[in-house]
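For reference, start31.txt (compact mmCIF, C-alpha atoms):
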# COMPACT_ATOMS: atom_id res chain seq x y z
CA MET A 255 -199.17 30.63 -85.11
CA PRO A 256 -195.48 29.58 -84.90
CA ILE A 257 -194.49 32.52 -82.60
CA LEU A 258 -196.78 31.96 -79.64
CA PHE A 259 -195.46 34.23 -76.89
CA ALA A 260 -193.25 37.32 -76.60
CA LEU A 261 -192.12 39.75 -73.93
CA VAL A 262 -189.76 42.63 -73.29
CA ALA A 263 -188.06 42.86 -69.90
CA ARG A 264 -185.39 44.62 -67.92
CA GLY A 265 -183.96 41.88 -65.74
CA THR A 266 -186.99 40.18 -64.17
CA CYS A 267 -189.14 43.31 -64.67
CA VAL A 268 -191.51 42.54 -67.55
CA LEU A 269 -192.28 45.78 -69.39
CA ALA A 270 -194.71 44.32 -71.96
CA GLU A 271 -195.80 40.89 -73.15
CA HIS A 272 -198.29 39.13 -75.39
CA SER A 273 -199.41 35.51 -75.55
CA ALA A 274 -201.25 33.86 -78.43
CA THR A 275 -201.70 30.53 -76.63
CA ASP A 276 -202.90 29.07 -73.37
CA GLY A 277 -200.41 27.39 -71.12
CA ASN A 278 -197.48 28.20 -68.86
CA ALA A 279 -195.33 30.14 -71.41
CA SER A 280 -195.31 33.22 -69.16
CA GLU A 281 -194.24 31.15 -66.13
CA VAL A 282 -191.41 29.45 -68.06
CA ALA A 283 -190.31 32.83 -69.44
CA THR A 284 -190.21 34.27 -65.92
CA ASN A 285 -187.97 31.40 -64.78
CA ILE A 286 -185.67 32.02 -67.76
CA LEU A 287 -185.47 35.73 -66.91
CA ALA A 288 -184.50 34.91 -63.33
CA LYS A 289 -181.56 32.85 -64.57
CA THR A 290 -180.42 35.20 -67.34
CA ALA A 291 -177.56 37.65 -66.86
CA THR A 292 -178.21 41.03 -68.48
CA VAL A 293 -175.23 40.89 -70.82
CA ASP A 294 -175.44 41.11 -74.59
CA SER A 295 -176.25 37.63 -75.86
CA ARG A 296 -178.59 35.52 -77.95
CA VAL A 297 -179.53 32.01 -76.92
CA SER A 298 -182.31 29.43 -77.32
CA TYR A 299 -183.80 27.09 -74.70
CA ALA A 300 -185.80 23.92 -75.45
CA GLN A 301 -189.08 23.26 -73.61
CA GLU A 302 -190.93 20.14 -74.83
CA ARG A 303 -192.04 20.96 -78.42
CA HIS A 304 -191.18 24.64 -78.18
CA LEU A 305 -188.07 26.82 -78.19
CA PHE A 306 -187.60 29.98 -76.14
CA HIS A 307 -185.37 32.43 -78.01
CA LEU A 308 -183.72 35.24 -76.08
CA LEU A 309 -181.91 38.36 -77.26
CA CYS A 310 -180.27 40.68 -74.73
CA GLU A 311 -179.10 44.17 -75.79
CA ASP A 312 -177.98 46.96 -73.45
CA GLY A 313 -179.58 45.31 -70.41
CA ILE A 314 -183.00 44.83 -72.09
CA ILE A 315 -184.18 41.28 -72.75
CA TYR A 316 -186.33 40.38 -75.76
CA LEU A 317 -187.82 36.90 -75.53
CA CYS A 318 -190.22 34.83 -77.61
CA MET A 319 -191.51 31.26 -77.70
CA ALA A 320 -192.05 29.48 -81.02
CA ASP A 321 -192.77 26.01 -82.33
CA GLU A 322 -189.66 23.85 -82.42
CA GLY A 323 -189.99 23.29 -86.17
CA PHE A 324 -190.05 27.04 -86.85
CA GLY A 325 -186.26 27.20 -86.60
CA ARG A 326 -184.19 30.06 -85.19
CA ARG A 327 -183.73 32.53 -88.06
CA ILE A 328 -187.26 33.97 -88.14
CA PRO A 329 -187.69 34.17 -84.33
CA PHE A 330 -184.43 36.08 -83.97
CA SER A 331 -185.41 38.33 -86.88
CA PHE A 332 -188.61 39.01 -84.94
CA LEU A 333 -186.65 39.82 -81.77
CA GLU A 334 -184.31 42.16 -83.67
CA ASP A 335 -187.34 43.92 -85.16
CA ILE A 336 -188.90 44.29 -81.71
CA GLN A 337 -185.63 45.64 -80.32
CA GLU A 338 -185.42 48.30 -83.05
CA ARG A 339 -189.07 49.33 -82.62
CA LEU A 340 -188.87 49.51 -78.82
CA THR A 341 -185.63 51.49 -78.83
CA ALA A 342 -186.95 53.93 -81.43
CA ALA A 343 -190.27 54.54 -79.67
CA HIS A 344 -189.42 54.24 -75.96
CA GLY A 345 -185.63 54.18 -75.69
CA GLY A 346 -185.60 57.11 -73.29
CA VAL A 347 -187.73 55.42 -70.61
CA LEU A 348 -186.48 51.82 -70.72
CA THR A 349 -184.12 52.20 -67.79
CA MET A 350 -186.85 53.77 -65.60
CA ALA A 351 -189.99 51.88 -66.63
CA ALA A 352 -191.60 49.65 -64.01
CA ASP A 353 -193.27 46.27 -64.37
CA GLY A 354 -196.07 46.49 -66.99
CA ASP A 355 -195.50 50.21 -67.77
CA LEU A 356 -195.24 49.60 -71.52
CA GLN A 357 -197.98 46.96 -71.74
CA GLU A 358 -200.62 49.30 -73.13
CA LEU A 359 -198.24 51.01 -75.55
CA PHE A 360 -196.11 48.10 -76.71
CA GLY A 361 -198.28 45.03 -76.13
CA PRO A 362 -200.22 45.64 -79.39
CA VAL A 363 -196.90 46.02 -81.24
CA LEU A 364 -195.82 42.61 -79.96
CA GLU A 365 -199.11 41.09 -81.11
CA GLN A 366 -198.90 42.72 -84.53
CA GLN A 367 -195.32 41.69 -85.21
CA MET A 368 -195.87 38.16 -83.87
CA GLU A 369 -198.62 37.72 -86.43
CA TYR A 370 -196.54 39.32 -89.21
CA PHE A 371 -193.49 37.10 -88.63
CA SER A 372 -195.61 33.98 -88.10
CA THR A 373 -197.76 34.21 -91.23
CA GLY A 374 -197.04 34.29 -94.94
CA ALA A 375 -196.44 38.05 -95.07
CA TYR A 376 -192.89 37.85 -93.71
CA THR A 377 -192.05 34.50 -95.34
CA ASP A 378 -193.30 35.82 -98.72
CA LYS A 379 -191.09 38.87 -98.27
CA MET A 380 -188.13 36.64 -97.41
CA THR A 381 -188.83 34.51 -100.49
CA LYS A 382 -188.88 37.68 -102.60
CA VAL A 383 -185.62 38.88 -101.06
CA LYS A 384 -184.02 35.47 -101.65
CA GLY A 385 -185.21 35.61 -105.26
CA GLU A 386 -183.71 39.06 -105.68
CA ILE A 387 -180.44 37.83 -104.16
CA LEU A 388 -180.40 34.90 -106.58
CA ASP A 389 -181.07 37.27 -109.49
CA VAL A 390 -178.20 39.49 -108.37
CA LYS A 391 -175.99 36.41 -107.96
CA ARG A 392 -176.88 35.20 -111.46
CA GLY A 393 -176.21 38.70 -112.79
CA MET A 394 -172.85 38.76 -111.02
CA VAL A 395 -171.94 35.36 -112.49
CA GLU A 396 -172.99 36.56 -115.94
CA ASN A 397 -171.00 39.76 -115.54
CA ILE A 398 -167.98 37.80 -114.32
CA ASP A 399 -168.28 35.54 -117.37
CA LYS A 400 -168.34 38.63 -119.59
CA VAL A 401 -165.32 40.04 -117.80
CA LEU A 402 -163.45 36.75 -118.17
CA ASP A 403 -164.38 36.60 -121.84
CA ARG A 404 -163.24 40.18 -122.27
CA GLY A 405 -160.07 39.22 -120.42
CA ASP A 406 -159.44 36.49 -123.00
CA LYS A 407 -159.91 39.03 -125.78
CA ILE A 408 -157.63 41.50 -124.03
CA GLU A 409 -155.03 38.76 -123.59
CA LEU A 410 -155.32 37.92 -127.30
CA LEU A 411 -154.96 41.61 -128.19
CA VAL A 412 -151.90 41.87 -125.92
CA ASP A 413 -150.40 38.81 -127.64
CA LYS A 414 -151.01 40.38 -131.04
CA THR A 415 -149.56 43.68 -129.87
CA ALA A 416 -146.47 41.91 -128.53
CA SER A 417 -146.13 40.08 -131.85
CA LEU A 418 -146.38 43.34 -133.78
CA GLN A 419 -143.81 44.92 -131.49
CA GLY A 420 -141.45 41.99 -132.15
CA ASP A 421 -141.98 42.30 -135.90
CA ALA A 422 -141.32 46.04 -135.72
CA PHE A 423 -138.10 45.46 -133.76
CA ARG A 424 -136.89 42.86 -136.24
CA PHE A 425 -137.75 45.17 -139.15
CA LYS A 426 -135.90 48.05 -137.49
CA ARG A 427 -132.83 45.85 -136.94
CA SER A 428 -132.94 44.60 -140.53
CA THR A 429 -133.22 48.19 -141.79
CA ARG A 430 -130.22 49.22 -139.71
CA HIS A 431 -128.15 46.34 -141.10
CA LEU A 432 -129.25 47.18 -144.65
CA ARG A 433 -128.36 50.82 -144.17
CA LYS A 434 -124.91 49.86 -142.88
CA ALA A 435 -124.38 47.48 -145.80
CA LEU A 436 -125.35 50.20 -148.30
CA TRP A 437 -122.96 52.65 -146.58
CA TRP A 438 -120.06 50.22 -146.92
CA GLN A 439 -121.04 49.58 -150.53
CA ARG A 440 -120.94 53.30 -151.27
CA ILE A 441 -117.52 53.56 -149.58
CA ARG A 442 -116.14 50.69 -151.65
CA LEU A 443 -117.62 52.18 -154.81
CA ALA A 444 -116.08 55.58 -154.03
CA VAL A 445 -112.69 54.01 -153.32
CA GLY A 446 -112.92 52.00 -156.54
CA ILE A 447 -113.84 55.07 -158.60
CA GLY A 448 -111.00 56.99 -156.95
CA LEU A 449 -108.48 54.27 -157.81
CA VAL A 450 -109.73 54.07 -161.41
CA GLY A 451 -109.47 57.86 -161.68
CA ILE A 452 -105.90 57.83 -160.39
CA LEU A 453 -105.01 55.05 -162.81
CA LEU A 454 -106.50 56.95 -165.78
CA LEU A 455 -104.70 60.12 -164.72
CA TYR A 456 -101.41 58.17 -164.55
CA VAL A 457 -102.00 56.69 -168.01
CA LEU A 458 -102.70 60.11 -169.53
CA ILE A 459 -99.64 61.67 -167.91
CA SER A 460 -97.52 58.70 -169.01
CA LEU A 461 -98.63 59.14 -172.62
CA CYS A 462 -97.48 62.72 -172.58
CA CYS A 463 -94.37 62.47 -170.44
CA GLY A 464 -93.35 58.85 -170.86
CA TRP A 465 -93.72 56.07 -168.44
CA LYS A 466 -90.77 57.35 -166.41
CA PHE A 467 -91.76 61.01 -166.86
CA ASN A 468 -88.45 61.67 -168.69
CA LYS A 469 -90.06 63.61 -171.58
CA CYS A 470 -91.51 66.39 -169.42
Would you write out, as structure tokens, the structure that this file holds?
Amino acid sequence: MPILFALVARGTCVLAEHSATDGNASEVATNILAKTATVDSRVSYAQERHLFHLLCEDGIIYLCMADEGFGRRIPFSFLEDIQERLTAAHGGVLTMAADGDLQELFGPVLEQQMEYFSTGAYTDKMTKVKGEILDVKRGMVENIDKVLDRGDKIELLVDKTASLQGDAFRFKRSTRHLRKALWWQRIRLAVGIGLVGILLLYVLISLCCGWKFNKC
């Protein structure tokens, strides 16, 4: 069992503990408690082929011993789990409990959770969680790819829209120029017709009255 020993203490007052191995784990833990300040912290100590992991929260110390090769992530996950369970069940008496007061109530919890975090149950759950995280990550990457692809299409659509807007502006400008040219053409035509009319009127009057109008 990778997690071999665990305890909960307030200072050097051990409230509950459980050991799954023979040896001096309890004695080493007691020495660690005597040298630990009750300030919020998390630290690991090496002892031959084992590591003692310590989590201190609100003056309560949660400590476990595990095989060196077991790493630090799972032991500290175990300590955090113990901290949550202890606070939820006995938070109101932690500051008043004496040495061994919670042994009967919380010792079995330590044993149960040590076994859970040491065996395949917790590692299988972690593997499942990691798999789910990878699935979510792959889904996110896929979604991002779709968004980027959609962004390319949107950019293409924007380019086409801008091109259409440019064509519309050029067409509007050409229409305005054409309209102005037609207006000037109508003016010139009207002026021309007016001049021709005046000339015809002069010719008709001249035929009747003479070119110098001396017959009228």
Interatomic distance (Å, one decimal) between CA of Ala343 (chain A) and CA of Leu359 (chain A): 9.6 Å
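Among A:Asp294, A:Asp312, A:Glu358, A:Glu302, the residue with the shortest atom-to-atom distance to Val282 (chain A), counting all atoms listed in the file, is A:Glu302.
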Atom-to-atom span, CA of Pro362 (chain A) and CA of Ile257 (chain A), Å: 14.7 Å
Minimum-distance residue to Asp321 (chain A), chosen among A:Ile452, A:Ala300, A:Cys463, A:Glu338 (using all atoms listed in the file):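 Among A:Ile452, A:Ala300, A:Cys463, A:Glu338, it is A:Ala300 that comes nearest to Asp321 (chain A).
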Selected residue of minimal separation from Met350 (chain A) among A:Val363, A:Leu454, A:Ile314, A:Ile336, counting all atoms listed in the file: A:Ile314
Selected residue, from A:Ala320, A:Ala288, A:Ala283, A:Leu443, that lies nearest to Arg303 (chain A) when counting only C-alpha atoms: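 Using only C-alpha atoms, the shortest distance to Arg303 (chain A) belongs to A:Ala320.
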Å distance separating CA of Ala260 (chain A) from CA of His272 (chain A), one decimal place: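 It comes out at 5.5 Å.
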Top pick for closest residue to Ser273 (chain A), considering A:Phe330, A:Tyr316, A:Phe360, A:Phe259 and counting all atoms listed in the file: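 That would be A:Phe259, the residue with the smallest distance to Ser273 (chain A).
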Polymer residues at most 12 Å from Ser372 (chain A), only C-alpha atoms, same-chain spacing of 5 or more positions, as a VMD selection string: chain A and resid 255 to 259 274 318 to 321 324 to 325 327 to 329 331 to 332 364 to 367 377 to 378
